[in-house]
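Listing of input-v5.cif; format and content: mmCIF, C-alpha atoms and all ligand atoms.
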data_start
loop_
_atom_site.label_atom_id
_atom_site.label_comp_id
_atom_site.auth_asym_id
_atom_site.auth_seq_id
_atom_site.Cartn_x
_atom_site.Cartn_y
_atom_site.Cartn_z
CA MET A 1442 -145.80 -4.22 -13.32
CA ARG A 1443 -142.15 -5.00 -12.85
CA THR A 1444 -139.10 -2.86 -13.43
CA TYR A 1445 -135.64 -3.85 -14.54
CA LYS A 1446 -132.71 -1.57 -13.99
CA TYR A 1447 -129.41 -1.79 -15.84
CA LYS A 1448 -126.28 0.26 -15.90
CA ILE A 1449 -125.34 1.88 -19.19
CA GLN A 1450 -121.68 1.38 -20.01
CA ASN A 1451 -119.52 4.43 -19.56
CA HIS A 1452 -118.62 5.77 -22.96
CA LYS A 1453 -117.78 9.02 -24.67
CA ARG A 1454 -121.06 8.91 -26.56
CA ASN A 1455 -123.02 9.19 -23.31
CA HIS A 1456 -122.60 12.94 -23.58
CA HIS A 1457 -125.26 12.78 -26.29
CA LEU A 1458 -127.70 11.59 -23.63
CA GLN A 1459 -126.73 14.66 -21.64
CA LYS A 1460 -127.47 16.81 -24.71
CA ASP A 1461 -130.91 15.20 -25.02
CA LEU A 1462 -131.58 15.99 -21.37
CA HIS A 1463 -130.62 19.61 -22.02
CA VAL A 1464 -133.15 19.76 -24.86
CA ILE A 1465 -135.87 18.41 -22.58
CA ALA A 1466 -134.95 20.88 -19.84
CA HIS A 1467 -135.10 23.65 -22.44
CA VAL A 1468 -138.57 22.56 -23.54
CA HIS A 1469 -139.67 22.30 -19.92
CA ASN A 1470 -138.53 25.83 -19.14
CA HIS A 1471 -139.98 27.21 -22.38
CA PHE A 1472 -143.44 25.85 -21.60
CA VAL A 1473 -143.32 26.78 -17.93
CA ALA A 1474 -142.63 30.34 -19.06
CA LEU A 1475 -145.49 30.17 -21.59
CA TRP A 1476 -147.97 28.94 -19.03
CA GLN A 1477 -146.82 31.48 -16.47
CA ARG A 1478 -147.15 34.36 -18.93
CA HIS A 1479 -150.65 33.27 -19.82
CA TYR A 1480 -151.57 33.13 -16.15
CA ARG A 1481 -150.01 36.56 -15.48
CA ILE A 1482 -152.02 38.21 -18.25
CA TYR A 1483 -155.35 36.40 -18.01
CA GLY A 1484 -155.20 34.81 -14.56
CA GLU A 1485 -157.15 37.64 -12.91
CA CYS A 1486 -159.96 37.51 -15.51
CA GLU A 1487 -163.22 35.91 -14.54
CA GLY A 1488 -163.61 32.29 -15.65
CA TYR A 1489 -159.91 31.99 -16.45
CA LYS A 1490 -159.15 28.84 -18.34
CA ARG A 1491 -155.57 27.68 -18.45
CA PRO A 1492 -154.20 26.34 -21.75
CA SER A 1493 -154.55 22.56 -21.93
CA ALA A 1494 -151.73 20.10 -22.52
CA PHE A 1495 -153.36 19.23 -25.83
CA ARG A 1496 -153.07 22.82 -27.07
CA MET A 1497 -149.50 23.08 -25.89
CA ILE A 1498 -148.48 19.87 -27.62
CA LYS A 1499 -149.97 21.21 -30.85
CA HIS A 1500 -147.98 24.38 -30.30
CA LEU A 1501 -144.85 22.30 -29.76
CA THR A 1502 -145.26 20.55 -33.12
CA LYS A 1503 -145.52 23.97 -34.77
CA LEU A 1504 -142.42 25.24 -32.98
CA LYS A 1505 -140.41 22.22 -34.08
CA ARG A 1506 -140.88 23.24 -37.72
CA LEU A 1507 -139.19 26.58 -37.12
CA GLY A 1508 -135.46 26.84 -37.71
CA LYS A 1509 -134.83 28.22 -34.24
CA TYR A 1510 -136.14 25.10 -32.52
CA GLU A 1511 -134.84 22.60 -35.04
CA HIS A 1512 -132.78 20.79 -32.41
CA TRP A 1513 -135.97 19.94 -30.52
CA THR A 1514 -136.80 17.16 -32.95
CA ILE A 1515 -135.92 14.24 -30.73
CA PRO A 1516 -137.16 11.09 -32.49
CA TYR A 1517 -139.09 10.11 -29.39
CA SER A 1518 -141.54 13.00 -29.45
CA TRP A 1519 -143.21 11.21 -26.57
CA VAL A 1520 -140.41 12.45 -24.28
CA LEU A 1521 -141.32 16.08 -24.91
CA GLN A 1522 -145.07 15.41 -24.81
CA GLU A 1523 -144.71 13.77 -21.43
CA CYS A 1524 -142.72 16.72 -20.21
CA ILE A 1525 -145.61 19.03 -21.20
CA GLN A 1526 -148.22 16.75 -19.66
CA ARG A 1527 -146.29 16.84 -16.41
CA ILE A 1528 -146.35 20.64 -16.35
CA ASP A 1529 -150.07 20.55 -17.08
CA LYS A 1530 -150.61 18.22 -14.15
CA GLY A 1531 -148.64 20.64 -11.96
CA TRP A 1532 -151.01 23.44 -12.95
CA GLN A 1533 -154.04 21.24 -12.32
CA ASN A 1534 -152.74 20.54 -8.82
CA PHE A 1535 -152.07 24.23 -8.29
CA PHE A 1536 -155.64 25.21 -9.23
CA ALA A 1537 -157.14 22.41 -7.17
CA LYS A 1538 -155.03 23.68 -4.23
CA ARG A 1539 -153.25 20.35 -3.94
CA ALA A 1540 -149.95 22.09 -4.65
CA LYS A 1541 -148.76 25.28 -3.02
CA ARG A 1542 -147.21 26.73 -6.13
CA SER A 1543 -147.28 26.39 -9.87
CA PRO A 1544 -144.61 24.43 -11.81
CA LYS A 1545 -141.27 26.15 -11.62
CA PHE A 1546 -138.20 26.51 -13.79
CA ARG A 1547 -135.56 23.85 -13.49
CA SER A 1548 -131.86 24.15 -14.06
CA ARG A 1549 -130.69 22.03 -16.98
CA HIS A 1550 -127.91 20.71 -14.75
CA LYS A 1551 -130.49 19.32 -12.36
CA TYR A 1552 -132.64 17.73 -15.04
CA ARG A 1553 -131.74 14.08 -14.64
CA SER A 1554 -134.15 11.74 -16.36
CA MET A 1555 -136.18 11.19 -19.49
CA THR A 1556 -139.00 8.75 -20.06
CA PHE A 1557 -140.35 7.43 -23.32
CA ASP A 1558 -142.72 4.84 -24.71
CA GLY A 1559 -141.42 1.31 -24.51
CA SER A 1560 -143.13 0.09 -27.66
CA GLN A 1561 -140.74 2.06 -29.88
CA VAL A 1562 -137.42 0.95 -28.43
CA LYS A 1563 -135.07 -1.42 -30.16
CA ILE A 1564 -132.93 -3.75 -28.05
CA GLU A 1565 -130.31 -6.18 -29.33
CA THR A 1566 -128.11 -8.49 -27.34
CA VAL A 1567 -124.38 -8.35 -27.98
CA ASP A 1568 -121.60 -10.83 -27.14
CA LYS A 1569 -120.47 -11.16 -23.56
CA THR A 1570 -117.85 -8.76 -22.25
CA HIS A 1571 -115.79 -9.92 -19.25
CA GLY A 1572 -118.31 -12.76 -18.75
CA CYS A 1573 -121.30 -10.44 -18.39
CA PRO A 1574 -123.98 -10.30 -21.11
CA VAL A 1575 -124.29 -6.96 -22.85
CA ALA A 1576 -127.20 -5.52 -24.82
CA LYS A 1577 -127.59 -2.35 -26.80
CA ILE A 1578 -130.50 0.01 -27.14
CA ARG A 1579 -131.17 2.65 -29.76
CA ILE A 1580 -131.98 6.04 -28.30
CA ASN A 1581 -132.16 9.12 -30.47
CA ARG A 1582 -130.37 7.60 -33.50
CA ARG A 1583 -127.51 6.18 -31.40
CA TRP A 1584 -126.78 2.78 -29.90
CA TYR A 1585 -125.94 2.61 -26.19
CA ARG A 1586 -124.60 -0.52 -24.53
CA PHE A 1587 -125.72 -1.63 -21.11
CA TRP A 1588 -124.88 -4.56 -18.80
CA TYR A 1589 -127.70 -6.98 -19.48
CA SER A 1590 -127.49 -8.71 -16.13
CA ARG A 1591 -130.86 -10.48 -16.34
CA PRO A 1592 -133.35 -11.06 -19.15
CA ILE A 1593 -136.44 -8.88 -19.45
CA GLU A 1594 -139.75 -10.70 -19.18
CA GLY A 1595 -143.05 -9.32 -20.46
CA ASN A 1596 -143.74 -6.39 -22.77
CA ILE A 1597 -141.83 -3.19 -22.22
CA LYS A 1598 -144.21 -0.34 -21.43
CA ARG A 1599 -141.94 2.52 -20.46
CA VAL A 1600 -138.25 3.22 -20.60
CA THR A 1601 -136.50 5.69 -18.32
CA VAL A 1602 -132.95 6.86 -18.76
CA LYS A 1603 -131.54 8.43 -15.65
CA LYS A 1604 -128.28 9.96 -14.56
CA ASP A 1605 -127.28 9.59 -10.93
CA PHE A 1606 -125.36 12.09 -8.81
CA VAL A 1607 -122.06 10.37 -9.47
CA GLY A 1608 -122.51 10.80 -13.22
CA ASP A 1609 -123.36 7.20 -14.14
CA TRP A 1610 -126.25 6.44 -16.46
CA TYR A 1611 -128.91 3.85 -15.76
CA ILE A 1612 -131.76 2.53 -17.85
CA THR A 1613 -135.01 1.24 -16.38
CA PHE A 1614 -137.59 -0.82 -18.24
CA THR A 1615 -141.11 -1.04 -16.86
CA THR A 1616 -142.90 -4.15 -18.08
CA ASP A 1617 -146.44 -5.48 -17.72
CA GLU A 1618 -145.12 -8.67 -16.15
CA LYS A 1619 -146.56 -9.36 -12.70
CA GLY A 1620 -143.46 -11.12 -11.39
CA LEU A 1621 -145.22 -13.41 -8.93
CA GLU A 1622 -143.12 -16.16 -7.37
CA PRO A 1623 -145.26 -17.79 -4.67
CA ALA A 1624 -143.31 -19.24 -1.75
CA PRO A 1625 -144.47 -22.40 0.06
CA LYS A 1626 -146.77 -21.78 3.03
CA THR A 1627 -145.24 -22.47 6.43
CA GLY A 1628 -148.29 -21.90 8.64
CA GLU A 1629 -146.29 -19.53 10.85
CA THR A 1630 -147.26 -16.00 11.80
CA ALA A 1631 -145.30 -13.47 13.84
CA GLY A 1632 -145.40 -9.94 15.23
CA PHE A 1633 -142.47 -7.56 14.94
CA ASP A 1634 -141.43 -4.59 16.99
CA PHE A 1635 -139.10 -1.93 15.61
CA GLY A 1636 -136.59 -0.66 18.10
CA LEU A 1637 -133.59 1.59 18.34
CA LYS A 1638 -131.48 -0.97 20.19
CA ASP A 1639 -132.41 -3.95 18.03
CA PHE A 1640 -133.68 -3.21 14.53
CA LEU A 1641 -136.45 -5.82 14.68
CA THR A 1642 -137.66 -8.06 17.49
CA CYS A 1643 -139.76 -11.06 16.54
CA SER A 1644 -142.51 -12.40 18.81
CA ASP A 1645 -140.71 -15.78 18.88
CA GLY A 1646 -137.79 -14.09 20.65
CA THR A 1647 -135.41 -13.65 17.71
CA LYS A 1648 -133.71 -10.28 17.45
CA TYR A 1649 -132.58 -8.93 14.11
CA GLN A 1650 -129.79 -6.38 14.19
CA SER A 1651 -129.13 -3.77 11.57
CA PRO A 1652 -125.60 -2.60 10.92
CA GLU A 1653 -125.69 1.17 11.16
CA PHE A 1654 -124.23 1.80 7.75
CA TYR A 1655 -124.35 5.57 7.94
CA LYS A 1656 -122.72 5.60 11.35
CA SER A 1657 -119.87 3.38 10.23
CA ALA A 1658 -119.31 5.55 7.17
CA SER A 1659 -119.72 8.82 9.06
CA LYS A 1660 -115.97 9.54 9.08
CA LEU A 1661 -115.83 9.20 5.31
CA VAL A 1662 -118.99 11.31 4.91
CA LYS A 1663 -117.55 14.03 7.11
CA ARG A 1664 -114.24 14.07 5.30
CA ALA A 1665 -115.89 14.16 1.88
CA SER A 1666 -118.16 17.06 2.79
CA ARG A 1667 -115.29 18.94 4.42
CA VAL A 1668 -113.21 18.60 1.27
CA LEU A 1669 -116.22 19.72 -0.79
CA SER A 1670 -116.86 22.80 1.31
CA ARG A 1671 -113.28 24.00 0.77
CA LYS A 1672 -113.46 23.99 -3.01
CA GLN A 1673 -114.17 27.11 -4.96
CA LYS A 1674 -117.72 27.34 -6.25
CA GLY A 1675 -118.15 26.52 -9.91
CA SER A 1676 -114.69 24.95 -10.23
CA ASN A 1677 -113.89 21.55 -11.71
CA ASN A 1678 -112.33 20.51 -8.42
CA ARG A 1679 -115.57 21.22 -6.65
CA ASN A 1680 -117.47 19.12 -9.13
CA ARG A 1681 -115.03 16.26 -8.56
CA ALA A 1682 -115.37 16.62 -4.77
CA ARG A 1683 -119.17 16.65 -5.14
CA LYS A 1684 -119.01 13.35 -7.00
CA ASP A 1685 -116.74 11.86 -4.32
CA SER A 1686 -119.18 12.88 -1.63
CA ALA A 1687 -122.11 11.48 -3.62
CA ARG A 1688 -120.22 8.20 -4.05
CA VAL A 1689 -119.90 7.76 -0.27
CA HIS A 1690 -123.63 8.32 0.20
CA LEU A 1691 -124.40 5.97 -2.69
CA LYS A 1692 -122.40 3.18 -1.07
CA VAL A 1693 -124.21 3.62 2.26
CA ASN A 1694 -127.54 3.54 0.44
CA ARG A 1695 -126.69 0.39 -1.44
CA GLN A 1696 -125.47 -1.41 1.67
CA ARG A 1697 -128.68 -0.56 3.47
CA GLU A 1698 -130.88 -1.58 0.55
CA ASP A 1699 -129.08 -4.90 0.23
CA HIS A 1700 -129.52 -5.62 3.92
CA HIS A 1701 -133.21 -4.66 3.79
CA TRP A 1702 -133.96 -6.88 0.79
CA LYS A 1703 -132.22 -9.88 2.32
CA LEU A 1704 -133.97 -9.51 5.66
CA ALA A 1705 -137.37 -8.94 4.02
CA LEU A 1706 -136.98 -12.08 1.92
CA GLU A 1707 -135.88 -14.12 4.95
CA LEU A 1708 -138.93 -13.05 6.98
CA VAL A 1709 -141.41 -13.52 4.15
CA ARG A 1710 -140.09 -17.04 3.49
CA LYS A 1711 -140.31 -17.93 7.18
CA PHE A 1712 -143.75 -16.50 8.03
CA ASP A 1713 -147.10 -16.48 6.22
CA VAL A 1714 -148.33 -13.31 7.93
CA CYS A 1715 -146.08 -10.65 9.44
CA TYR A 1716 -147.58 -8.04 11.76
CA PHE A 1717 -145.94 -4.67 12.20
CA GLU A 1718 -146.78 -1.58 14.12
CA ASP A 1719 -147.77 1.48 12.13
CA LEU A 1720 -145.10 3.94 13.20
CA ASN A 1721 -145.13 7.69 13.32
CA LEU A 1722 -141.81 8.00 11.50
CA GLU A 1723 -141.75 11.79 11.31
CA GLY A 1724 -142.26 12.03 15.08
CA MET A 1725 -139.57 9.42 15.72
CA LYS A 1726 -137.13 11.27 13.50
CA ARG A 1727 -137.71 14.46 15.46
CA LEU A 1728 -137.14 12.64 18.74
CA TRP A 1729 -134.18 10.43 17.96
CA GLY A 1730 -132.77 11.91 14.78
CA ARG A 1731 -130.15 10.31 12.62
CA LYS A 1732 -130.40 6.78 13.95
CA VAL A 1733 -134.02 6.50 12.77
CA SER A 1734 -133.01 7.71 9.30
CA ASP A 1735 -130.09 5.26 9.32
CA TYR A 1736 -132.40 2.33 10.06
CA ALA A 1737 -134.91 3.58 7.43
CA PHE A 1738 -137.93 1.70 8.80
CA GLY A 1739 -140.25 3.16 6.15
CA ASP A 1740 -138.09 1.88 3.30
CA PHE A 1741 -137.91 -1.53 4.92
CA MET A 1742 -141.71 -1.65 5.21
CA GLN A 1743 -142.09 -0.89 1.50
CA LYS A 1744 -139.67 -3.67 0.61
CA ILE A 1745 -141.24 -6.30 2.83
CA LYS A 1746 -144.71 -5.39 1.53
CA TRP A 1747 -143.54 -5.89 -2.04
CA GLN A 1748 -141.82 -9.19 -1.16
CA ALA A 1749 -145.00 -10.43 0.55
CA GLN A 1750 -147.16 -9.48 -2.43
CA LYS A 1751 -144.75 -11.23 -4.76
CA ARG A 1752 -144.55 -14.43 -2.70
CA GLY A 1753 -148.28 -14.68 -1.87
CA LYS A 1754 -147.82 -13.82 1.83
CA HIS A 1755 -149.27 -11.00 3.95
CA VAL A 1756 -147.89 -8.00 5.79
CA VAL A 1757 -150.31 -6.30 8.17
CA GLN A 1758 -149.78 -3.02 9.99
CA THR A 1759 -151.63 -2.64 13.27
CA ASP A 1760 -153.18 0.51 14.61
CA ARG A 1761 -150.72 3.14 15.85
CA TRP A 1762 -152.74 3.98 18.97
CA THR A 1763 -153.01 0.52 20.50
CA PRO A 1764 -150.64 0.28 23.50
CA THR A 1765 -148.16 -2.53 22.98
CA THR A 1766 -145.05 -1.71 25.01
CA LYS A 1767 -146.66 -1.14 28.38
CA VAL A 1768 -149.19 -3.99 28.28
CA CYS A 1769 -148.27 -7.33 29.84
CA HIS A 1770 -148.85 -9.95 27.16
CA ALA A 1771 -149.71 -12.63 29.71
CA CYS A 1772 -152.40 -10.92 31.79
CA GLY A 1773 -153.24 -7.77 29.81
CA GLN A 1774 -152.42 -5.42 32.69
CA ILE A 1775 -151.57 -1.91 31.45
CA HIS A 1776 -148.56 -0.47 33.24
CA LYS A 1777 -147.40 3.09 33.51
CA PHE A 1778 -145.12 4.31 30.76
CA PHE A 1779 -141.55 3.44 31.47
CA HIS A 1780 -138.39 5.02 30.22
CA LEU A 1781 -136.61 3.72 27.12
CA ASN A 1782 -133.62 2.71 29.25
CA ILE A 1783 -135.65 0.01 31.00
CA ARG A 1784 -135.12 -3.04 28.82
CA GLU A 1785 -136.69 -5.58 31.20
CA TRP A 1786 -139.57 -5.23 33.62
CA TYR A 1787 -141.57 -7.30 36.05
CA CYS A 1788 -145.35 -7.68 36.02
CA HIS A 1789 -146.60 -7.71 39.61
CA ASN A 1790 -149.95 -9.05 38.56
CA CYS A 1791 -148.88 -12.34 37.02
CA LYS A 1792 -145.32 -12.47 38.47
CA ILE A 1793 -143.50 -12.72 35.13
CA SER A 1794 -140.54 -10.66 34.02
CA HIS A 1795 -140.62 -9.44 30.44
CA ASP A 1796 -138.12 -8.36 27.85
CA ARG A 1797 -139.43 -5.01 26.70
CA ASP A 1798 -139.18 -5.60 22.95
CA ILE A 1799 -140.28 -9.25 22.90
CA ASN A 1800 -143.34 -8.35 25.01
CA ALA A 1801 -144.22 -5.58 22.55
CA ALA A 1802 -143.74 -7.93 19.58
CA ILE A 1803 -146.05 -10.52 21.15
CA ASN A 1804 -148.68 -7.83 21.75
CA ILE A 1805 -148.40 -6.64 18.14
CA HIS A 1806 -148.84 -10.24 17.04
CA LYS A 1807 -151.98 -10.59 19.18
CA VAL A 1808 -153.52 -7.29 18.07
CA GLY A 1809 -152.70 -7.98 14.43
CA ALA A 1810 -154.04 -11.53 14.53
CA SER A 1811 -157.30 -10.36 16.13
CA THR A 1812 -157.88 -7.76 13.46
CA PHE A 1813 -156.71 -9.97 10.60
CA GLY A 1814 -158.93 -12.81 11.82
CA VAL A 1815 -156.33 -15.55 11.67
CA GLU A 1816 -156.15 -16.69 15.23
CA GLY A 1817 -159.12 -14.92 16.78
CA ILE A 1818 -157.12 -13.62 19.72
CA ARG A 1819 -158.25 -10.35 21.21
CA LEU A 1820 -156.09 -8.25 23.47
CA ALA A 1821 -157.42 -8.27 27.01
CA SER A 1822 -159.18 -5.08 27.98
CA ALA A 1823 -157.50 -2.46 30.11
CA SER A 1824 -157.55 -2.62 33.86
CA THR A 1825 -156.10 -0.34 36.54
CA PRO A 1826 -152.39 0.39 36.27
CA CYS A 1827 -150.24 -1.45 38.77
ZN ZN A 1901 -148.89 -9.70 33.70
#
Could I get this structure in the form of structure tokens?
Amino acid sequence: MRTYKYKIQNHKRNHHLQKDLHVIAHVHNHFVALWQRHYRIYGECEGYKRPSAFRMIKHLTKLKRLGKYEHWTIPYSWVLQECIQRIDKGWQNFFAKRAKRSPKFRSRHKYRSMTFDGSQVKIETVDKTHGCPVAKIRINRRWYRFWYSRPIEGNIKRVTVKKDFVGDWYITFTTDEKGLEPAPKTGETAGFDFGLKDFLTCSDGTKYQSPEFYKSASKLVKRASRVLSRKQKGSNNRNRARKDSARVHLKVNRQREDHHWKLALELVRKFDVCYFEDLNLEGMKRLWGRKVSDYAFGDFMQKIKWQAQKRGKHVVQTDRWTPTTKVCHACGQIHKFFHLNIREWYCHNCKISHDRDINAAINIHKVGASTFGVEGIRLASASTPC
């Protein structure tokens, strides 16, 4: 499974995509109301059986024949069927107590994406514009052009058209292609420690910094949200200010993503197995706030896992409860917890001074290797604190 994302060229005709989204939102709300009414009337009855997606889809086909709902006939009927199946799943979750509440109504202005079957789409490549290849796709009787920045490999399974908060349209193709590109084995393994001072510390002593993108853009973010808050609700100016604010956030996001991908690729190429600590991100966010969100450790982990899978390498997360910071990697002595400000400490047992993060990274490497069975090292058992 591999996805390809392209930007649809800005054009007047894109407002037709918006119209299609409105139709889908309308259908969504219509069926949410139908399901809710059914539940209100019969929900209390014994052995209540909710209407199935199958029945609702049959109902939809009937409705489409009526003059009132004529505009619902989107050529990709799959779009509407998927919408109904999603509501049905919501109800299933509600009855199984996996969800707290039943599917709710959604504003058509907040309905942002539509998905349809990939086997029906038609794509044609067009001549290059400004040196970049362009292709066009037929959606709902109209051709839309998008920047065809790289060729699609494999069979297209699903297509998603999505509008972002700035108002740009993107198209995503999900293919059955596996996308494996094995990287040569280096025979190296390493442990990594996440930190607030240095983004990543490797067990070989290298420290990887992360530019704090949000922090450096915080002035712009503040200004944009201040401007937004002063605009009258519902006005065009407010909408414009909202887009400006979204654009600032989008840039920060993209900078961070780019940095994450590059670092993940670098590490995966360098090491065969990377060991990380399983972090309690929610707890860290509560303790240290914005900086943790700015570093986005969780997102980075997802990216490096994907890179490792793609390149035939491994990423292992060690147990959260194993002590790594306060254990001396040389003798295994467990020390008392020390404050975050202490970056270096001295082990009285084996007379070595340690860098806090490098010591932790080495411990993570040891614990990970012992569980993964690569090097057969086991962390020395605990002894009395010194
Ligand atoms: Zn020691």
**Q.** Length of the atom CA of A:Thr1812 to atom CA of A:Lys1703 vector [Å]
**A.**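 Straight-line distance from atom CA of A:Thr1812 to atom CA of A:Lys1703 works out to 28.1 Å.
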Exercise answer, 6 Å around ligand ZN 1901 (chain A) with all atoms listed in the file, as a short mmCIF file (atom, residue, chain, number, x, y, z; two decimals) with C-alpha atoms, keeping the file's coordinate frame:
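As a result, result32.cif now contains:
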data_model
loop_
_atom_site.label_atom_id
_atom_site.label_comp_id
_atom_site.auth_asym_id
_atom_site.auth_seq_id
_atom_site.Cartn_x
_atom_site.Cartn_y
_atom_site.Cartn_z
CA CYS A 1769 -148.27 -7.33 29.84
CA ALA A 1771 -149.71 -12.63 29.71
CA CYS A 1772 -152.40 -10.92 31.79
CA GLN A 1774 -152.42 -5.42 32.69
CA CYS A 1788 -145.35 -7.68 36.02
CA ASN A 1790 -149.95 -9.05 38.56
CA CYS A 1791 -148.88 -12.34 37.02
#
Q: Rank A:Gly1724, A:Gly1572, A:Gly1773, A:Gly1809 by their smallest atom-to-atom distance to A:Val1757, using only C-alpha atoms, and report the top residue only.
A: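 Answer, going by the shortest atom-to-atom distance: A:Gly1809.
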For A:Gly1739: contacts at 10 Å, all atoms listed in the file, fewer than 2 positions along chain excluded, given as an mmCIF file with C-alpha atoms, in the coordinates of the input:
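In the end it all went to around31.cif:
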data_model
loop_
_atom_site.group_PDB
_atom_site.id
_atom_site.type_symbol
_atom_site.label_atom_id
_atom_site.label_comp_id
_atom_site.auth_asym_id
_atom_site.auth_seq_id
_atom_site.Cartn_x
_atom_site.Cartn_y
_atom_site.Cartn_z
ATOM 1 C CA ASP A 1719 -147.770 1.480 12.130
ATOM 2 C CA LEU A 1720 -145.100 3.940 13.200
ATOM 3 C CA ASN A 1721 -145.130 7.690 13.320
ATOM 4 C CA LEU A 1722 -141.810 8.000 11.500
ATOM 5 C CA VAL A 1733 -134.020 6.500 12.770
ATOM 6 C CA SER A 1734 -133.010 7.710 9.300
ATOM 7 C CA TYR A 1736 -132.400 2.330 10.060
ATOM 8 C CA ALA A 1737 -134.910 3.580 7.430
ATOM 9 C CA PHE A 1741 -137.910 -1.530 4.920
ATOM 10 C CA MET A 1742 -141.710 -1.650 5.210
ATOM 11 C CA GLN A 1743 -142.090 -0.890 1.500
ATOM 12 C CA LYS A 1744 -139.670 -3.670 0.610
#
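The spacing separating atom CA of A:Arg1784 from atom CA of A:Gly1646 amounts to 14.0 Å.
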Enumerate, in order of chain and increasing residue number, the residues of stretch 1586-1701 of chain A with an atom no farther than 10 Å from stretch 1445-1457 of chain A, each with its shortest atom pair and distance in Å to one decimal, counting all atoms listed in the file, as a tab-separated table.
residue	atom	partner	partner_atom	distance
A:Arg1586	CA	A:Gln1450	CA	5.7
A:Phe1587	CA	A:Ile1449	CA	4.0
A:Trp1588	CA	A:Lys1448	CA	5.8
A:Tyr1589	CA	A:Tyr1447	CA	6.6
A:Ser1590	CA	A:Tyr1447	CA	7.2
A:Arg1591	CA	A:Tyr1445	CA	8.4
A:Pro1592	CA	A:Tyr1445	CA	8.9
A:Ile1593	CA	A:Tyr1445	CA	7.1
A:Glu1594	CA	A:Tyr1445	CA	9.2
A:Ile1597	CA	A:Tyr1445	CA	9.9
A:Val1600	CA	A:Tyr1445	CA	9.7
A:Thr1601	CA	A:Lys1446	CA	9.3
A:Val1602	CA	A:Ile1449	CA	9.1
A:Lys1603	CA	A:Ile1449	CA	9.7
A:Lys1604	CA	A:Ile1449	CA	9.8
A:Gly1608	CA	A:Asn1451	CA	9.5
A:Asp1609	CA	A:Asn1451	CA	7.2
A:Trp1610	CA	A:Ile1449	CA	5.4
A:Tyr1611	CA	A:Lys1448	CA	4.5
A:Ile1612	CA	A:Tyr1447	CA	5.3
A:Thr1613	CA	A:Lys1446	CA	4.3
A:Phe1614	CA	A:Tyr1445	CA	5.2
A:Thr1615	CA	A:Tyr1445	CA	6.6
A:Thr1616	CA	A:Tyr1445	CA	8.1
Requested write-out: C-alpha atoms of the selected residues, as a PDB file, keeping the file's coordinate frame:
ATOM      1  CA  ARG A1586    -124.600  -0.520 -24.530  1.00  0.00           C
ATOM      2  CA  PHE A1587    -125.720  -1.630 -21.110  1.00  0.00           C
ATOM      3  CA  TRP A1588    -124.880  -4.560 -18.800  1.00  0.00           C
ATOM      4  CA  TYR A1589    -127.700  -6.980 -19.480  1.00  0.00           C
ATOM      5  CA  SER A1590    -127.490  -8.710 -16.130  1.00  0.00           C
ATOM      6  CA  ARG A1591    -130.860 -10.480 -16.340  1.00  0.00           C
ATOM      7  CA  PRO A1592    -133.350 -11.060 -19.150  1.00  0.00           C
ATOM      8  CA  ILE A1593    -136.440  -8.880 -19.450  1.00  0.00           C
ATOM      9  CA  GLU A1594    -139.750 -10.700 -19.180  1.00  0.00           C
ATOM     10  CA  ILE A1597    -141.830  -3.190 -22.220  1.00  0.00           C
ATOM     11  CA  VAL A1600    -138.250   3.220 -20.600  1.00  0.00           C
ATOM     12  CA  THR A1601    -136.500   5.690 -18.320  1.00  0.00           C
ATOM     13  CA  VAL A1602    -132.950   6.860 -18.760  1.00  0.00           C
ATOM     14  CA  LYS A1603    -131.540   8.430 -15.650  1.00  0.00           C
ATOM     15  CA  LYS A1604    -128.280   9.960 -14.560  1.00  0.00           C
ATOM     16  CA  GLY A1608    -122.510  10.800 -13.220  1.00  0.00           C
ATOM     17  CA  ASP A1609    -123.360   7.200 -14.140  1.00  0.00           C
ATOM     18  CA  TRP A1610    -126.250   6.440 -16.460  1.00  0.00           C
ATOM     19  CA  TYR A1611    -128.910   3.850 -15.760  1.00  0.00           C
ATOM     20  CA  ILE A1612    -131.760   2.530 -17.850  1.00  0.00           C
ATOM     21  CA  THR A1613    -135.010   1.240 -16.380  1.00  0.00           C
ATOM     22  CA  PHE A1614    -137.590  -0.820 -18.240  1.00  0.00           C
ATOM     23  CA  THR A1615    -141.110  -1.040 -16.860  1.00  0.00           C
ATOM     24  CA  THR A1616    -142.900  -4.150 -18.080  1.00  0.00           C
TER      25      THR A1616
END
Q | From A:Arg1496, A:Lys1684, A:Lys1711, A:Lys1746, residue lying nearest A:Thr1627 [all atoms listed in the file] | A |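 Distance minimum relative to A:Thr1627 lands on A:Lys1711.
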Q. Could you pull the residues within 12 Å of A:Gly1595, counting all atoms listed in the file, minus those fewer than 4 positions along the same chain, as a list of chain:residue names?
A.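 Non-adjacent residues within range: A:Met1442, A:Arg1443, A:Thr1444, A:Tyr1445, A:Gly1559, A:Ser1560, A:Arg1599, A:Phe1614, A:Thr1615, A:Thr1616, A:Asp1617, A:Glu1618, A:Lys1619, A:Gly1620.
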(Q) Counting all atoms listed in the file, which residue out of A:Ala1624, A:Leu1637, A:Ala1474, A:Ile1775 sits closest to A:Asp1713? (A)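 Ranked by minimum distance to A:Asp1713, first place goes to A:Ala1624.
Candidate residues A:Gly1484, A:Gly1753, A:Pro1652, A:Pro1544 were compared for distance to A:Leu1621, and the nearest is A:Gly1753, using only C-alpha atoms.
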Q.
I'd like the interatomic distance between atom CA of A:Arg1688 and atom CA of A:Phe1654, to a tenth of an Å.
A. 14.0 Å
**Q.** A:Phe1633 environment, 6 Å, only C-alpha atoms, sequence neighbours closer than 4 positions dropped, as a ChimeraX atom specification
**A.** /A:1642-1643,1717,1802
Q: For stretch 1662-1664 of chain A, list every protein, DNA or RNA residue within 12 Å, evaluated using all atoms listed in the file, and leave out those in the same chain fewer than 5 positions away; present the list as a list of chain:residue names.
A: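 Returned residues: A:Phe1654, A:Tyr1655, A:Lys1656, A:Ser1657, A:Leu1669, A:Ser1670, A:Arg1671, A:Ala1682, A:Arg1683, A:Asp1685, A:Ser1686, A:Ala1687, A:Arg1688, A:Val1689, A:His1690, A:Leu1691, A:Lys1692, A:Val1693.
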